[in-house]
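Content type mmCIF, N, CA, C and O atoms, from the file start_15.cif:
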```cif
data_query
loop_
_atom_site.label_atom_id
_atom_site.label_comp_id
_atom_site.auth_asym_id
_atom_site.auth_seq_id
_atom_site.Cartn_x
_atom_site.Cartn_y
_atom_site.Cartn_z
N MET A 1 -42.24 -23.75 32.89
CA MET A 1 -42.38 -25.11 33.40
C MET A 1 -42.96 -26.05 32.35
O MET A 1 -42.58 -27.19 32.30
N THR A 2 -43.91 -25.56 31.58
CA THR A 2 -44.55 -26.46 30.62
C THR A 2 -43.58 -26.94 29.54
O THR A 2 -43.86 -27.92 28.88
N SER A 3 -42.43 -26.26 29.40
CA SER A 3 -41.45 -26.72 28.42
C SER A 3 -40.81 -28.05 28.84
O SER A 3 -40.16 -28.69 28.03
N LEU A 4 -41.01 -28.45 30.09
CA LEU A 4 -40.48 -29.73 30.57
C LEU A 4 -41.44 -30.88 30.29
O LEU A 4 -41.12 -32.04 30.55
N ASN A 5 -42.62 -30.59 29.77
CA ASN A 5 -43.60 -31.63 29.48
C ASN A 5 -43.01 -32.61 28.46
O ASN A 5 -42.57 -32.21 27.39
N GLY A 6 -42.97 -33.88 28.81
CA GLY A 6 -42.43 -34.91 27.93
C GLY A 6 -40.94 -35.15 28.09
O GLY A 6 -40.38 -36.01 27.44
N VAL A 7 -40.26 -34.38 28.96
CA VAL A 7 -38.83 -34.58 29.21
C VAL A 7 -38.66 -35.76 30.16
O VAL A 7 -39.25 -35.79 31.24
N GLY A 8 -37.84 -36.73 29.77
CA GLY A 8 -37.58 -37.88 30.63
C GLY A 8 -38.87 -38.55 31.07
O GLY A 8 -39.73 -38.86 30.25
N PRO A 9 -39.04 -38.72 32.40
CA PRO A 9 -40.21 -39.43 32.91
C PRO A 9 -41.45 -38.54 33.10
O PRO A 9 -42.46 -39.00 33.63
N VAL A 10 -41.43 -37.28 32.67
CA VAL A 10 -42.56 -36.37 32.88
C VAL A 10 -43.76 -36.83 32.05
O VAL A 10 -43.66 -37.03 30.84
N GLN A 11 -44.89 -36.97 32.73
CA GLN A 11 -46.12 -37.36 32.04
C GLN A 11 -47.08 -36.18 31.89
O GLN A 11 -47.82 -36.12 30.93
N ASP A 12 -47.06 -35.27 32.86
CA ASP A 12 -47.96 -34.12 32.78
C ASP A 12 -47.46 -33.03 33.73
O ASP A 12 -46.81 -33.33 34.73
N ILE A 13 -47.77 -31.79 33.38
CA ILE A 13 -47.45 -30.65 34.24
C ILE A 13 -48.71 -29.81 34.35
O ILE A 13 -49.34 -29.48 33.35
N ARG A 14 -49.08 -29.51 35.59
CA ARG A 14 -50.26 -28.69 35.83
C ARG A 14 -49.90 -27.60 36.82
O ARG A 14 -49.17 -27.84 37.78
N GLY A 15 -50.41 -26.41 36.60
CA GLY A 15 -50.16 -25.35 37.56
C GLY A 15 -50.32 -23.98 36.97
O GLY A 15 -50.71 -23.81 35.81
N ARG A 16 -50.00 -23.01 37.80
CA ARG A 16 -50.14 -21.62 37.41
C ARG A 16 -49.27 -20.78 38.34
O ARG A 16 -49.17 -21.06 39.53
N GLY A 17 -48.67 -19.75 37.77
CA GLY A 17 -47.88 -18.84 38.59
C GLY A 17 -46.68 -19.53 39.21
O GLY A 17 -45.85 -20.10 38.51
N PHE A 18 -46.60 -19.52 40.53
CA PHE A 18 -45.47 -20.09 41.25
C PHE A 18 -45.79 -21.45 41.85
O PHE A 18 -45.05 -21.94 42.70
N LEU A 19 -46.85 -22.11 41.44
CA LEU A 19 -47.22 -23.40 41.99
C LEU A 19 -47.53 -24.38 40.86
O LEU A 19 -48.48 -24.19 40.11
N TYR A 20 -46.70 -25.42 40.76
CA TYR A 20 -46.86 -26.41 39.70
C TYR A 20 -46.74 -27.82 40.27
O TYR A 20 -46.00 -28.04 41.24
N GLY A 21 -47.42 -28.75 39.65
CA GLY A 21 -47.27 -30.16 39.94
C GLY A 21 -46.70 -30.83 38.71
O GLY A 21 -47.16 -30.60 37.59
N VAL A 22 -45.65 -31.61 38.90
CA VAL A 22 -45.00 -32.32 37.80
C VAL A 22 -45.22 -33.81 38.03
O VAL A 22 -44.66 -34.40 38.94
N GLU A 23 -46.08 -34.40 37.22
CA GLU A 23 -46.37 -35.83 37.34
C GLU A 23 -45.33 -36.62 36.57
O GLU A 23 -45.01 -36.29 35.42
N VAL A 24 -44.77 -37.65 37.21
CA VAL A 24 -43.75 -38.48 36.57
C VAL A 24 -44.25 -39.92 36.44
O VAL A 24 -45.22 -40.32 37.08
N ALA A 25 -43.57 -40.67 35.61
CA ALA A 25 -43.93 -42.07 35.38
C ALA A 25 -43.84 -42.86 36.68
O ALA A 25 -43.02 -42.53 37.55
N PRO A 26 -44.68 -43.86 36.84
CA PRO A 26 -44.66 -44.68 38.06
C PRO A 26 -43.25 -45.21 38.36
O PRO A 26 -42.54 -45.66 37.47
N GLY A 27 -42.87 -45.09 39.63
CA GLY A 27 -41.57 -45.57 40.07
C GLY A 27 -40.41 -44.60 39.86
O GLY A 27 -39.28 -44.89 40.23
N GLN A 28 -40.68 -43.45 39.27
CA GLN A 28 -39.62 -42.49 38.96
C GLN A 28 -39.52 -41.33 39.94
O GLN A 28 -38.57 -40.54 39.88
N LEU A 29 -40.48 -41.21 40.87
CA LEU A 29 -40.50 -40.06 41.78
C LEU A 29 -39.22 -39.95 42.60
O LEU A 29 -38.56 -38.91 42.60
N TRP A 30 -38.83 -41.01 43.29
CA TRP A 30 -37.69 -40.92 44.20
C TRP A 30 -36.36 -40.79 43.46
O TRP A 30 -35.49 -40.03 43.91
N PRO A 31 -36.17 -41.43 42.32
CA PRO A 31 -34.96 -41.15 41.56
C PRO A 31 -34.88 -39.68 41.11
O PRO A 31 -33.80 -39.08 41.15
N VAL A 32 -36.00 -39.10 40.70
CA VAL A 32 -36.01 -37.68 40.30
C VAL A 32 -35.72 -36.80 41.51
O VAL A 32 -34.92 -35.85 41.42
N MET A 33 -36.35 -37.10 42.65
CA MET A 33 -36.12 -36.30 43.86
C MET A 33 -34.64 -36.35 44.25
O MET A 33 -34.05 -35.32 44.58
N LYS A 34 -34.02 -37.53 44.20
CA LYS A 34 -32.61 -37.67 44.56
C LYS A 34 -31.73 -36.88 43.59
O LYS A 34 -30.80 -36.18 44.01
N ALA A 35 -32.01 -37.00 42.30
CA ALA A 35 -31.21 -36.28 41.29
C ALA A 35 -31.35 -34.77 41.46
O ALA A 35 -30.39 -34.03 41.27
N ALA A 36 -32.55 -34.30 41.82
CA ALA A 36 -32.75 -32.86 42.04
C ALA A 36 -31.99 -32.40 43.28
O ALA A 36 -31.35 -31.34 43.26
N GLU A 37 -32.03 -33.19 44.34
CA GLU A 37 -31.30 -32.84 45.56
C GLU A 37 -29.80 -32.77 45.30
O GLU A 37 -29.11 -31.91 45.85
N GLU A 38 -29.30 -33.65 44.45
CA GLU A 38 -27.88 -33.62 44.09
C GLU A 38 -27.51 -32.33 43.35
O GLU A 38 -26.36 -31.94 43.32
N ARG A 39 -28.52 -31.70 42.78
CA ARG A 39 -28.32 -30.44 42.06
C ARG A 39 -28.68 -29.22 42.91
O ARG A 39 -28.74 -28.10 42.43
N GLY A 40 -28.97 -29.46 44.19
CA GLY A 40 -29.22 -28.37 45.12
C GLY A 40 -30.63 -27.85 45.19
O GLY A 40 -30.88 -26.76 45.70
N VAL A 41 -31.60 -28.63 44.68
CA VAL A 41 -33.00 -28.19 44.69
C VAL A 41 -33.85 -29.26 45.37
O VAL A 41 -33.68 -30.46 45.11
N TYR A 42 -34.74 -28.83 46.23
CA TYR A 42 -35.63 -29.74 46.96
C TYR A 42 -37.08 -29.46 46.57
O TYR A 42 -37.48 -28.30 46.47
N PHE A 43 -37.83 -30.52 46.36
CA PHE A 43 -39.25 -30.41 46.00
C PHE A 43 -40.09 -31.17 47.00
O PHE A 43 -39.59 -32.00 47.74
N TYR A 44 -41.38 -30.90 46.97
CA TYR A 44 -42.34 -31.64 47.79
C TYR A 44 -42.85 -32.82 46.96
O TYR A 44 -43.38 -32.62 45.87
N PRO A 45 -42.73 -34.06 47.45
CA PRO A 45 -43.27 -35.20 46.70
C PRO A 45 -44.78 -35.32 46.91
O PRO A 45 -45.31 -34.87 47.92
N PHE A 46 -45.47 -35.92 45.94
CA PHE A 46 -46.88 -36.25 46.14
C PHE A 46 -47.18 -37.59 45.49
O PHE A 46 -46.54 -37.98 44.53
N THR A 47 -48.10 -38.29 46.09
CA THR A 47 -48.64 -39.50 45.48
C THR A 47 -50.15 -39.36 45.48
O THR A 47 -50.74 -38.94 46.48
N GLY A 48 -50.74 -39.65 44.37
CA GLY A 48 -52.18 -39.47 44.23
C GLY A 48 -52.95 -40.72 44.59
O GLY A 48 -52.40 -41.80 44.76
N ALA A 49 -54.22 -40.52 44.71
CA ALA A 49 -55.13 -41.64 44.99
C ALA A 49 -55.88 -41.96 43.71
O ALA A 49 -55.91 -41.18 42.77
N GLY A 50 -56.49 -43.10 43.68
CA GLY A 50 -57.30 -43.47 42.54
C GLY A 50 -56.56 -44.40 41.61
O GLY A 50 -55.47 -44.85 41.87
N VAL A 51 -57.20 -44.65 40.50
CA VAL A 51 -56.64 -45.57 39.52
C VAL A 51 -56.58 -44.84 38.18
O VAL A 51 -57.58 -44.31 37.73
N PRO A 52 -55.47 -44.75 37.53
CA PRO A 52 -54.18 -45.20 38.01
C PRO A 52 -53.61 -44.22 39.05
O PRO A 52 -53.89 -43.03 39.00
N LYS A 53 -52.82 -44.74 39.97
CA LYS A 53 -52.19 -43.92 41.00
C LYS A 53 -51.09 -43.07 40.36
O LYS A 53 -50.31 -43.57 39.57
N SER A 54 -51.07 -41.79 40.68
CA SER A 54 -50.06 -40.91 40.12
C SER A 54 -49.04 -40.53 41.17
O SER A 54 -49.29 -40.65 42.37
N GLU A 55 -47.88 -40.10 40.72
CA GLU A 55 -46.86 -39.60 41.64
C GLU A 55 -46.10 -38.50 40.94
O GLU A 55 -46.04 -38.43 39.72
N GLY A 56 -45.56 -37.61 41.74
CA GLY A 56 -44.82 -36.50 41.17
C GLY A 56 -44.29 -35.58 42.24
O GLY A 56 -44.20 -35.95 43.40
N LEU A 57 -43.97 -34.38 41.82
CA LEU A 57 -43.41 -33.41 42.75
C LEU A 57 -44.09 -32.07 42.57
O LEU A 57 -44.61 -31.76 41.51
N VAL A 58 -44.07 -31.31 43.65
CA VAL A 58 -44.67 -29.97 43.65
C VAL A 58 -43.54 -28.96 43.57
O VAL A 58 -42.58 -29.02 44.34
N VAL A 59 -43.65 -28.05 42.62
CA VAL A 59 -42.69 -26.97 42.47
C VAL A 59 -43.35 -25.72 43.04
O VAL A 59 -44.36 -25.25 42.51
N ALA A 60 -42.81 -25.20 44.14
CA ALA A 60 -43.41 -24.05 44.81
C ALA A 60 -42.30 -23.12 45.34
O ALA A 60 -42.04 -23.07 46.53
N PRO A 61 -41.64 -22.39 44.43
CA PRO A 61 -40.58 -21.49 44.89
C PRO A 61 -41.17 -20.30 45.65
O PRO A 61 -42.35 -19.97 45.48
N PRO A 62 -40.36 -19.64 46.48
CA PRO A 62 -40.86 -18.47 47.20
C PRO A 62 -41.32 -17.38 46.24
O PRO A 62 -40.78 -17.23 45.14
N LEU A 63 -42.30 -16.63 46.65
CA LEU A 63 -42.81 -15.54 45.81
C LEU A 63 -41.76 -14.46 45.57
O LEU A 63 -41.89 -13.67 44.64
N THR A 64 -40.73 -14.43 46.39
CA THR A 64 -39.67 -13.44 46.23
C THR A 64 -38.55 -13.92 45.31
O THR A 64 -37.53 -13.25 45.17
N SER A 65 -38.75 -15.07 44.65
CA SER A 65 -37.72 -15.62 43.76
C SER A 65 -37.46 -14.66 42.59
O SER A 65 -38.38 -14.07 42.03
N THR A 66 -36.20 -14.57 42.23
CA THR A 66 -35.80 -13.74 41.10
C THR A 66 -35.80 -14.59 39.82
O THR A 66 -35.90 -15.82 39.88
N ASP A 67 -35.65 -13.93 38.68
CA ASP A 67 -35.53 -14.67 37.43
C ASP A 67 -34.34 -15.63 37.47
O ASP A 67 -34.41 -16.74 36.95
N LYS A 68 -33.27 -15.20 38.10
CA LYS A 68 -32.08 -16.05 38.25
C LYS A 68 -32.40 -17.30 39.08
O LYS A 68 -31.96 -18.40 38.74
N ASP A 69 -33.17 -17.13 40.15
CA ASP A 69 -33.58 -18.26 40.99
C ASP A 69 -34.42 -19.26 40.20
O ASP A 69 -34.21 -20.47 40.29
N ILE A 70 -35.36 -18.75 39.42
CA ILE A 70 -36.24 -19.62 38.63
C ILE A 70 -35.44 -20.35 37.55
O ILE A 70 -35.67 -21.53 37.29
N LYS A 71 -34.50 -19.66 36.94
CA LYS A 71 -33.65 -20.29 35.93
C LYS A 71 -32.84 -21.43 36.57
O LYS A 71 -32.71 -22.52 36.00
N PHE A 72 -32.29 -21.19 37.77
CA PHE A 72 -31.54 -22.23 38.48
C PHE A 72 -32.44 -23.43 38.76
O PHE A 72 -32.05 -24.58 38.52
N LEU A 73 -33.64 -23.18 39.24
CA LEU A 73 -34.59 -24.24 39.58
C LEU A 73 -34.94 -25.06 38.34
O LEU A 73 -34.89 -26.29 38.37
N THR A 74 -35.29 -24.40 37.24
CA THR A 74 -35.70 -25.14 36.04
C THR A 74 -34.53 -25.89 35.41
O THR A 74 -34.70 -26.99 34.90
N THR A 75 -33.33 -25.32 35.48
CA THR A 75 -32.15 -26.00 34.96
C THR A 75 -31.86 -27.25 35.79
O THR A 75 -31.57 -28.32 35.25
N ALA A 76 -31.95 -27.12 37.12
CA ALA A 76 -31.72 -28.27 38.00
C ALA A 76 -32.78 -29.35 37.78
O ALA A 76 -32.45 -30.54 37.71
N LEU A 77 -34.03 -28.95 37.65
CA LEU A 77 -35.10 -29.93 37.43
C LEU A 77 -34.93 -30.62 36.08
O LEU A 77 -35.06 -31.84 35.98
N SER A 78 -34.63 -29.87 35.06
CA SER A 78 -34.42 -30.45 33.74
C SER A 78 -33.26 -31.45 33.77
O SER A 78 -33.36 -32.55 33.22
N GLY A 79 -32.16 -31.08 34.44
CA GLY A 79 -31.03 -32.00 34.56
C GLY A 79 -31.38 -33.25 35.34
O GLY A 79 -30.94 -34.35 34.97
N ALA A 80 -32.18 -33.10 36.39
CA ALA A 80 -32.60 -34.26 37.18
C ALA A 80 -33.47 -35.19 36.35
O ALA A 80 -33.33 -36.42 36.42
N LEU A 81 -34.37 -34.62 35.57
CA LEU A 81 -35.25 -35.44 34.73
C LEU A 81 -34.45 -36.17 33.65
O LEU A 81 -34.71 -37.34 33.38
N ASP A 82 -33.49 -35.49 33.07
CA ASP A 82 -32.64 -36.14 32.06
C ASP A 82 -31.80 -37.25 32.68
O ASP A 82 -31.54 -38.27 32.04
N ALA A 83 -31.36 -37.04 33.92
CA ALA A 83 -30.50 -38.02 34.60
C ALA A 83 -31.19 -39.35 34.85
O ALA A 83 -30.54 -40.39 34.87
N VAL A 84 -32.49 -39.33 35.06
CA VAL A 84 -33.21 -40.58 35.35
C VAL A 84 -33.83 -41.19 34.09
O VAL A 84 -34.45 -42.23 34.17
N ASN A 85 -33.68 -40.53 32.99
CA ASN A 85 -34.25 -41.02 31.74
C ASN A 85 -33.53 -42.24 31.22
O ASN A 85 -32.44 -42.50 31.29
#
```
Entire entry expressed as structure tokens:
Amino acid sequence: MTSLNGVGPVQDIRGRGFLYGVEVAPGQLWPVMKAAEERGVYFYPFTGAGVPKSEGLVVAPPLTSTDKDIKFLTTALSGALDAVN
């Protein structure tokens, strides 16, 4: 996941194991979510509190995911991020 840091609108990636948060540039959350859905992957959106307000998506695949599943997810996310760039 950290290899996506700096791709398109990505500002930061935080997480461990099967749970990651991908922070995107302001105003880019919904375009990224739509582009990911078009690629067959759904994420949980989040918006943060405070100043500056952050927004992004949560990547939380099932613990039973295979390497093939994770590759599909990261390829779809990477494509979605490139699409909104």
Worksheet item: chain A: which residues are alpha helix (DSSP H) by DSSP, as number ranges by chain?
Response: A: 29-38, 67-83
Those same residues - N, CA, C and O atoms - I'd like them written as an mmCIF file, in the frame of the given file.
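Saved the output as selection-v8.cif:
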```
data_model
loop_
_atom_site.group_PDB
_atom_site.id
_atom_site.type_symbol
_atom_site.label_atom_id
_atom_site.label_comp_id
_atom_site.auth_asym_id
_atom_site.auth_seq_id
_atom_site.Cartn_x
_atom_site.Cartn_y
_atom_site.Cartn_z
ATOM 1 N N LEU A 29 -40.480 -41.210 40.870
ATOM 2 C CA LEU A 29 -40.500 -40.060 41.780
ATOM 3 C C LEU A 29 -39.220 -39.950 42.600
ATOM 4 O O LEU A 29 -38.560 -38.910 42.600
ATOM 5 N N TRP A 30 -38.830 -41.010 43.290
ATOM 6 C CA TRP A 30 -37.690 -40.920 44.200
ATOM 7 C C TRP A 30 -36.360 -40.790 43.460
ATOM 8 O O TRP A 30 -35.490 -40.030 43.910
ATOM 9 N N PRO A 31 -36.170 -41.430 42.320
ATOM 10 C CA PRO A 31 -34.960 -41.150 41.560
ATOM 11 C C PRO A 31 -34.880 -39.680 41.110
ATOM 12 O O PRO A 31 -33.800 -39.080 41.150
ATOM 13 N N VAL A 32 -36.000 -39.100 40.700
ATOM 14 C CA VAL A 32 -36.010 -37.680 40.300
ATOM 15 C C VAL A 32 -35.720 -36.800 41.510
ATOM 16 O O VAL A 32 -34.920 -35.850 41.420
ATOM 17 N N MET A 33 -36.350 -37.100 42.650
ATOM 18 C CA MET A 33 -36.120 -36.300 43.860
ATOM 19 C C MET A 33 -34.640 -36.350 44.250
ATOM 20 O O MET A 33 -34.050 -35.320 44.580
ATOM 21 N N LYS A 34 -34.020 -37.530 44.200
ATOM 22 C CA LYS A 34 -32.610 -37.670 44.560
ATOM 23 C C LYS A 34 -31.730 -36.880 43.590
ATOM 24 O O LYS A 34 -30.800 -36.180 44.010
ATOM 25 N N ALA A 35 -32.010 -37.000 42.300
ATOM 26 C CA ALA A 35 -31.210 -36.280 41.290
ATOM 27 C C ALA A 35 -31.350 -34.770 41.460
ATOM 28 O O ALA A 35 -30.390 -34.030 41.270
ATOM 29 N N ALA A 36 -32.550 -34.300 41.820
ATOM 30 C CA ALA A 36 -32.750 -32.860 42.040
ATOM 31 C C ALA A 36 -31.990 -32.400 43.280
ATOM 32 O O ALA A 36 -31.350 -31.340 43.260
ATOM 33 N N GLU A 37 -32.030 -33.190 44.340
ATOM 34 C CA GLU A 37 -31.300 -32.840 45.560
ATOM 35 C C GLU A 37 -29.800 -32.770 45.300
ATOM 36 O O GLU A 37 -29.110 -31.910 45.850
ATOM 37 N N GLU A 38 -29.300 -33.650 44.450
ATOM 38 C CA GLU A 38 -27.880 -33.620 44.090
ATOM 39 C C GLU A 38 -27.510 -32.330 43.350
ATOM 40 O O GLU A 38 -26.360 -31.940 43.320
ATOM 41 N N ASP A 67 -35.650 -13.930 38.680
ATOM 42 C CA ASP A 67 -35.530 -14.670 37.430
ATOM 43 C C ASP A 67 -34.340 -15.630 37.470
ATOM 44 O O ASP A 67 -34.410 -16.740 36.950
ATOM 45 N N LYS A 68 -33.270 -15.200 38.100
ATOM 46 C CA LYS A 68 -32.080 -16.050 38.250
ATOM 47 C C LYS A 68 -32.400 -17.300 39.080
ATOM 48 O O LYS A 68 -31.960 -18.400 38.740
ATOM 49 N N ASP A 69 -33.170 -17.130 40.150
ATOM 50 C CA ASP A 69 -33.580 -18.260 40.990
ATOM 51 C C ASP A 69 -34.420 -19.260 40.200
ATOM 52 O O ASP A 69 -34.210 -20.470 40.290
ATOM 53 N N ILE A 70 -35.360 -18.750 39.420
ATOM 54 C CA ILE A 70 -36.240 -19.620 38.630
ATOM 55 C C ILE A 70 -35.440 -20.350 37.550
ATOM 56 O O ILE A 70 -35.670 -21.530 37.290
ATOM 57 N N LYS A 71 -34.500 -19.660 36.940
ATOM 58 C CA LYS A 71 -33.650 -20.290 35.930
ATOM 59 C C LYS A 71 -32.840 -21.430 36.570
ATOM 60 O O LYS A 71 -32.710 -22.520 36.000
ATOM 61 N N PHE A 72 -32.290 -21.190 37.770
ATOM 62 C CA PHE A 72 -31.540 -22.230 38.480
ATOM 63 C C PHE A 72 -32.440 -23.430 38.760
ATOM 64 O O PHE A 72 -32.050 -24.580 38.520
ATOM 65 N N LEU A 73 -33.640 -23.180 39.240
ATOM 66 C CA LEU A 73 -34.590 -24.240 39.580
ATOM 67 C C LEU A 73 -34.940 -25.060 38.340
ATOM 68 O O LEU A 73 -34.890 -26.290 38.370
ATOM 69 N N THR A 74 -35.290 -24.400 37.240
ATOM 70 C CA THR A 74 -35.700 -25.140 36.040
ATOM 71 C C THR A 74 -34.530 -25.890 35.410
ATOM 72 O O THR A 74 -34.700 -26.990 34.900
ATOM 73 N N THR A 75 -33.330 -25.320 35.480
ATOM 74 C CA THR A 75 -32.150 -26.000 34.960
ATOM 75 C C THR A 75 -31.860 -27.250 35.790
ATOM 76 O O THR A 75 -31.570 -28.320 35.250
ATOM 77 N N ALA A 76 -31.950 -27.120 37.120
ATOM 78 C CA ALA A 76 -31.720 -28.270 38.000
ATOM 79 C C ALA A 76 -32.780 -29.350 37.780
ATOM 80 O O ALA A 76 -32.450 -30.540 37.710
ATOM 81 N N LEU A 77 -34.030 -28.950 37.650
ATOM 82 C CA LEU A 77 -35.100 -29.930 37.430
ATOM 83 C C LEU A 77 -34.930 -30.620 36.080
ATOM 84 O O LEU A 77 -35.060 -31.840 35.980
ATOM 85 N N SER A 78 -34.630 -29.870 35.060
ATOM 86 C CA SER A 78 -34.420 -30.450 33.740
ATOM 87 C C SER A 78 -33.260 -31.450 33.770
ATOM 88 O O SER A 78 -33.360 -32.550 33.220
ATOM 89 N N GLY A 79 -32.160 -31.080 34.440
ATOM 90 C CA GLY A 79 -31.030 -32.000 34.560
ATOM 91 C C GLY A 79 -31.380 -33.250 35.340
ATOM 92 O O GLY A 79 -30.940 -34.350 34.970
ATOM 93 N N ALA A 80 -32.180 -33.100 36.390
ATOM 94 C CA ALA A 80 -32.600 -34.260 37.180
ATOM 95 C C ALA A 80 -33.470 -35.190 36.350
ATOM 96 O O ALA A 80 -33.330 -36.420 36.420
ATOM 97 N N LEU A 81 -34.370 -34.620 35.570
ATOM 98 C CA LEU A 81 -35.250 -35.440 34.730
ATOM 99 C C LEU A 81 -34.450 -36.170 33.650
ATOM 100 O O LEU A 81 -34.710 -37.340 33.380
ATOM 101 N N ASP A 82 -33.490 -35.490 33.070
ATOM 102 C CA ASP A 82 -32.640 -36.140 32.060
ATOM 103 C C ASP A 82 -31.800 -37.250 32.680
ATOM 104 O O ASP A 82 -31.540 -38.270 32.040
ATOM 105 N N ALA A 83 -31.360 -37.040 33.920
ATOM 106 C CA ALA A 83 -30.500 -38.020 34.600
ATOM 107 C C ALA A 83 -31.190 -39.350 34.850
ATOM 108 O O ALA A 83 -30.540 -40.390 34.870
#
```
Worksheet item: Got a sec to resolve the PyMOL selection byres ((chain A and resi 45) around 8) on this structure and send the residues as a list in words?
Response: Val22, Leu29, Met33, Tyr42, Phe43, Tyr44, Phe46, Thr47, Gly48, Glu55, Gly56, Leu57, Val58 and Val59 of chain A
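For the atom pair formed by atom O of Ala35 of chain A and atom N of Leu73 of chain A, the distance is 11.5 Å, given to one decimal.
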Worksheet item: Quick one: distance from atom C of Lys71 of chain A to atom C of Gly27 of chain A in Å, one decimal?
Response: 24.6 Å
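Across the model, the gap from atom CA of Gly8 of chain A to atom CA of Ser78 of chain A is 8.7 Å.
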Item to complete: Name the residues of segment 2-83 of chain A that come out as strand (DSSP E or B) in a backbone DSSP run; write them as number ranges by chain.
Response: A: 10-16, 19-24, 44-47, 55-59
Practice prompt. Rank nothing, just name the residue among A:Val7, A:Val24, A:Val41, A:Val32 nearest to Phe72 of chain A, using only C-alpha atoms.
Written response: A:Val41
Discussion item. Taking (-41.4, -45.4, 31.5) as a centre in this file's frame and 7 Å as the limit, can you find every polymer residue with an atom that close, using only N, CA, C and O atoms, and give them as a PyMOL selection string?
Written reply: chain A and resi 8-9+25-26
Go ahead and save the residues from that selection, with N, CA, C and O atoms, as a PDB file, in the frame of the given file.
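Ended up saving to result_30.pdb:
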```pdb
ATOM      1  N   GLY A   8     -37.840 -36.730  29.770  1.00  0.00           N
ATOM      2  CA  GLY A   8     -37.580 -37.880  30.630  1.00  0.00           C
ATOM      3  C   GLY A   8     -38.870 -38.550  31.070  1.00  0.00           C
ATOM      4  O   GLY A   8     -39.730 -38.860  30.250  1.00  0.00           O
ATOM      5  N   PRO A   9     -39.040 -38.720  32.400  1.00  0.00           N
ATOM      6  CA  PRO A   9     -40.210 -39.430  32.910  1.00  0.00           C
ATOM      7  C   PRO A   9     -41.450 -38.540  33.100  1.00  0.00           C
ATOM      8  O   PRO A   9     -42.460 -39.000  33.630  1.00  0.00           O
ATOM      9  N   ALA A  25     -43.570 -40.670  35.610  1.00  0.00           N
ATOM     10  CA  ALA A  25     -43.930 -42.070  35.380  1.00  0.00           C
ATOM     11  C   ALA A  25     -43.840 -42.860  36.680  1.00  0.00           C
ATOM     12  O   ALA A  25     -43.020 -42.530  37.550  1.00  0.00           O
ATOM     13  N   PRO A  26     -44.680 -43.860  36.840  1.00  0.00           N
ATOM     14  CA  PRO A  26     -44.660 -44.680  38.060  1.00  0.00           C
ATOM     15  C   PRO A  26     -43.250 -45.210  38.360  1.00  0.00           C
ATOM     16  O   PRO A  26     -42.540 -45.660  37.470  1.00  0.00           O
TER      17      PRO A  26
END
```
Worksheet item: Could you list as a ChimeraX atom specification every residue that has an atom within 6 Å of (-48.8, -30.8, 37.9), using the file's coordinates and counting all atoms listed in the file?
Response: /A:12-15,20-23,57
Worksheet item: Contacts of Thr75 of chain A at 12 Å or less, counting only C-alpha atoms, minus same-chain residues fewer than 2 places along, as a PyMOL selection string?
Response: chain A and resi 1+3-4+36+39-41+68-73+77-82
